[in-house]
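Some notes on the structure that comes next.
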Amino acid sequence: MISFVLTRLLRAIITILAVVTFAFVVLRMSGDPAQVMLGPDVPQDVIDAFRKAWGLDQPVWVQYLAYLKSIFTGDFGVSMRDKASALDLVLERVPATLQLTIPALILKLVIGIPAGIYAALHRQSFADRGVILLAILGFTIPSFVMGLILVLVFSIILGVLPSGGQDTWVHGILPTITMSIGGIGILARFSRSAMIEVMGQPFIRTASAKGLKWRDVVWSHALPNAAVPIVTIVGFMVGSLIAGAVVVESIFSWPGIGRLLIVSVSNRDLAVVQCILLVIAATMVVSNLIVDLLYGWLDPRLRSRAAH
Amino acid sequence: MTPLIQATNLARIYQVRRGLFAQPKPVRAVDGVSLAVMPGETLGIVGESGSGKSTLGRMLLGIDQLQAGEVRFEGRAMPELRTAEWRALRAKMQLVYQDPLAALDRRLTIASQLAEPLEIHRIIPKDQRPARVAELMVAVGLRQDQAGRFPHELSGGQRQRAVIARALASRPKLLVCDEPVSALDVSIQAQVVNMLRQLQEQNGIAMVFISHDLKVVRNIADRVAVMYLGRIVEEASSDVIFRSPRHPYTQALVSSVPVPGKLLEGRVILQGEPPNPANRPAGCAFHPRCSIARDICRSTAPVLRQIENRRTAACHIVADGAVPVAA
């Protein structure tokens with residue numbers, strides 16, 4: 001068990017390192033921060049001074065090694081724009097993003113999973129077809145379209161909900177709904193197919209043939225066995241709690257991580273972008289780690305495989 | 001003596017649609033089957049895949065809806081599916097499947113799966129359950145230290161023993177075994193079959209043993225019913241049917257069993273396509289592959305007739321003039 005956790009941790013660190021390296025290289029190859037920050041008509045000596053101040057005149061690999069050294073000592077750099085600590089800038093925005101993504105995640109779970117399970121248990125019924133249709137609509141309509149439709153209906157036509165800003169909790173309603181619709185559809189489809197697969201297994205028929213009440217067959221045999229694929233999807237959703245709001249935050253002018261990312265990328269604010277990507281990669285990796293540990297708890301076959 | 005379970009005229013028809021605009025076509029998986037099993041008796045049901053044996057087994061247990069006909073268990077009609085009465089009856093009739101790994105919940109230990117029927121039917125006080133589980137494990141030849149194992153940690157034979165132990169937990173009177181050993185190695189098959197026979201004798205359980213493997217059926221069954229495309233074509237005691245098969249299909253089946261030291265001469269090799277239940281031949285369903293078929297076989301379906309004492313067959317030729325069996 002300990003070696004299992006250790007190998008997973010090591011793998012997690014390698015993954016994060018790969019993301020950081022990739023971001024580092026691509027950011028430096030895709031544009032010059034000095035040009036973007038200072039504007040087009042700046043004298044060459046100002047640009048040179050800027051580059052020297054930020055260490056951009058060094059070869060990329062020297063910059064990279066210096067960067068690695070600093071992140072291992074807990075220093076995530078300084079924003080080129082307002083000279084504040086990049087980590088502070090990012091962490092400051094995290095609560096705003098979580099205010100949207102956590103309610104959205106809860107909506108996905110409490111609507112998507114029960115809908116899928118209900119559909120699976122009432123196959124071919126009107127409700128089943130309805131769930132499938134809505135699920136497909138939900139995850140095929142992109143969030144930027146869905147967001148605009150909701151704004152059109154609820155802010156412009158009906159005028160009941162604000163279309164942007166973060167002043168009260170009412171402002172969070174539309175972005176939260178926009179973000180959860182796709183996930184509800186995905187979870188409904190996955191839960192439905194996972195349940196249908198398990199319900200077709202002989203041990204379910206045997207459980208019923210043993211005289212177990214149908215409700216108990218579903219709760220004690222079918223659901224726990226259908227949980228593995230559902231947990232996988234939920235793991236991804238938890239992993240994207242930080243990163244999943246980029247588009248929606250922009251539509252609804254919500255001052256979260258997503259908006260910070262977009263602003264920082266277009267300004268080539270290197271330290272901030274790198275810090276955001278690091279935080280995103282870390283949450284994704286941590287949630288995957290949790291999912292792996294959950295697998296072992298849900299399925300004894302995976303438990304013993306992991307122990308070997 | 002009244003039969004433990006008696007089935008009359010069972011039928012199960014699936015509507016199969018080939019292509020979007022095609023008319024649904026009826027597939028008669030089980031078509032007018034009647035049979036009876038006495039307490040403690042073993043009835044073997046043999047036939048090719050697609051002959052409806054498994055569907056028949058589930059209908060006998062009352063876990064597949066009947067479309068026609070009637071099943072009586074201990075003289076009483078089968079209660080409505082999933083009612084409390086139906087559930088209570090589950091304790092008396094149990095099922096053993098072909099694939100033991102799929103029949104076990106992979107998340108639960110062997111001991112907890114064996115205890116489940118005891119919990120469902122509240123058969124014995126809670127504090128005596130572990131002892132009963134241990135007793136069941138001994139009965140099927142599992143070691144006590146395997147109680148805490150998960151299904152994937154056992155071998156195929158051990159898993160099937162666990163499935164059988166679970167089926168026996170509620171002390172059933174009827175056990176339907178659907179290809180219980182065909183997923184196992186031949187050497188393990190014999191052990192499991194012998195164990196089943198022993199347990200059956202000790203506990204006086206009646207058994208319906210469904211298999212395509214004639215050697216296994218011969219070993220365990222008192223009586224054998226041969227199925228072809230959803231119907232019984234011949235039924236007699238096991239000795240009789242294997243020594244002197246009468247229906248041409250039974251003859252072909254029996255002669256296909258290899259006997260050590262004997263040449264393959266004189267074997268009846270079946271001609272033609274294997275049967276497709278969606279496209280049932282007119283008349284006797286077996287006539288396209290039958291070597292003695294005549295005109296009447298192509299037009300009229302034969303009914304089961306009593307051709308000897310305790311032997312019935314559905315064939316115009318071998319059962320000519322015999323008395324039809326009342327449905």
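In the structure tokens, chains take the letters A, B, ... in the order shown, each chain's residues start at 1, and ligands count up from 1 in the order shown.
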| So which bits of region 164-299 of chain B end up alpha helix (DSSP H) when you DSSP the backbone, as a VMD selection string? | chain B and resid 164 to 168 186 to 203 214 to 220 238 to 243 248 to 255 295 to 299
| query | Please, which residues of chain B lie no more than 10 Å from chain A when the count uses only C-alpha atoms, and can they be set out as a ChimeraX atom specification? | reply | /B:58,61-63,82-109,113,116-121,149-153,163,166-167,169-170
| request: Just the residues within 7 Å of Val140 (chain B), please, counting only C-alpha atoms, with nothing from its chain fewer than 4 positions along; format it as a list in words. | output: Leu136, Arg161, Ala165 and Met195 of chain B
Atoms kept (N, CA and C atoms) for selection, written as a short mmCIF file (atom, residue, chain, number, x, y, z; two decimals), in the first residue's frame:
data_model
loop_
_atom_site.label_atom_id
_atom_site.label_comp_id
_atom_site.auth_asym_id
_atom_site.auth_seq_id
_atom_site.Cartn_x
_atom_site.Cartn_y
_atom_site.Cartn_z
N LEU B 136 -21.68 -24.79 5.19
CA LEU B 136 -21.88 -24.80 3.73
C LEU B 136 -20.54 -24.94 3.01
N ARG B 161 -18.01 -23.83 -6.72
CA ARG B 161 -18.38 -24.42 -5.43
C ARG B 161 -19.03 -23.37 -4.54
N ALA B 165 -22.69 -23.45 -3.04
CA ALA B 165 -22.91 -23.31 -1.60
C ALA B 165 -23.95 -22.23 -1.33
N MET B 195 -19.79 -33.78 -6.79
CA MET B 195 -20.19 -33.08 -5.58
C MET B 195 -21.67 -32.74 -5.61
#
Selection: 8 Å around region 15-31 of chain B, only C-alpha atoms, excl. self and same-chain fewer than 4 positions, as an mmCIF file with C-alpha atoms, in the first residue's frame:
data_model
loop_
_atom_site.group_PDB
_atom_site.id
_atom_site.type_symbol
_atom_site.label_atom_id
_atom_site.label_comp_id
_atom_site.auth_asym_id
_atom_site.auth_seq_id
_atom_site.Cartn_x
_atom_site.Cartn_y
_atom_site.Cartn_z
ATOM 1 C CA ASN B 9 -47.378 -25.741 -22.216
ATOM 2 C CA LEU B 10 -44.746 -23.106 -21.501
ATOM 3 C CA ALA B 11 -44.057 -20.648 -24.310
ATOM 4 C CA GLY B 50 -30.384 -21.746 -29.230
ATOM 5 C CA SER B 51 -32.691 -24.627 -28.446
ATOM 6 C CA GLY B 52 -34.292 -22.680 -25.594
ATOM 7 C CA LYS B 53 -32.905 -24.674 -22.675
ATOM 8 C CA THR B 55 -34.996 -19.763 -21.217
ATOM 9 C CA LEU B 56 -36.890 -22.845 -20.110
ATOM 10 C CA LEU B 229 -35.794 -25.351 -31.430
ATOM 11 C CA GLY B 230 -37.829 -24.707 -28.315
ATOM 12 C CA ARG B 231 -39.634 -28.042 -28.168
ATOM 13 C CA PRO B 277 -35.011 -20.125 -34.124
ATOM 14 C CA ALA B 278 -35.973 -16.996 -36.069
ATOM 15 C CA ASN B 279 -36.515 -19.041 -39.197
#
| request: With a distance cut-off of 12 Å and only C-alpha atoms, select the neighbouring residues of Glu92 (chain A), excluding the residue or stretch itself and same-chain residues fewer than 6 positions from it, and output the selection as a list in words. | output: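 Skipping anything fewer than 6 positions along the chain leaves Ala84, Ser85, Ala86, Leu98, Pro255, Gly256, Ile257, Leu260 and Ile276 of chain A.
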| request: Could you check which of B:Ile307, B:Ala162, B:Leu168, B:Ala314 is closest to Val192 (chain B), using only C-alpha atoms? | output: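 Among the listed residues, the smallest separation from Val192 (chain B) belongs to B:Ala162.
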| query | Phe190 (chain A): which residues within 9 Å, counting only C-alpha atoms, same-chain residues fewer than 3 positions away excluded, as a ChimeraX atom specification? | reply | /A:113,116,185-187,193-195,229-230,233
| request: Please give the complete set of residues from region 80-288 of chain B that DSSP, run on the backbone, assigns to strand (DSSP E or B), formatted as a PyMOL selection string. | output: chain B and resi 93-96+174-178+206-211+223-228+231-237
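Atom to atom, CA of Leu174 (chain A) and CA of Asp88 (chain A) stand 28.0 Å apart.
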| request: Name the closest residue to Val285 (chain A) among the candidates A:Leu302, A:Val238, A:Leu6, A:Met37; distances are taken between atoms, counting only C-alpha atoms. | output: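 Closest to Val285 (chain A), using only C-alpha atoms: A:Val238.
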| message | At a cut-off of 8 Å, using only C-alpha atoms, what residues contact Cys315 (chain B)? Leave out same-chain residues fewer than 3 positions from it and give the result as number ranges by chain. | response | B: 233, 247, 284, 302-304, 318-320
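CA of Phe144 (chain A) to CA of Val247 (chain A) spans 6.7 Å [interatomic distance, one decimal].
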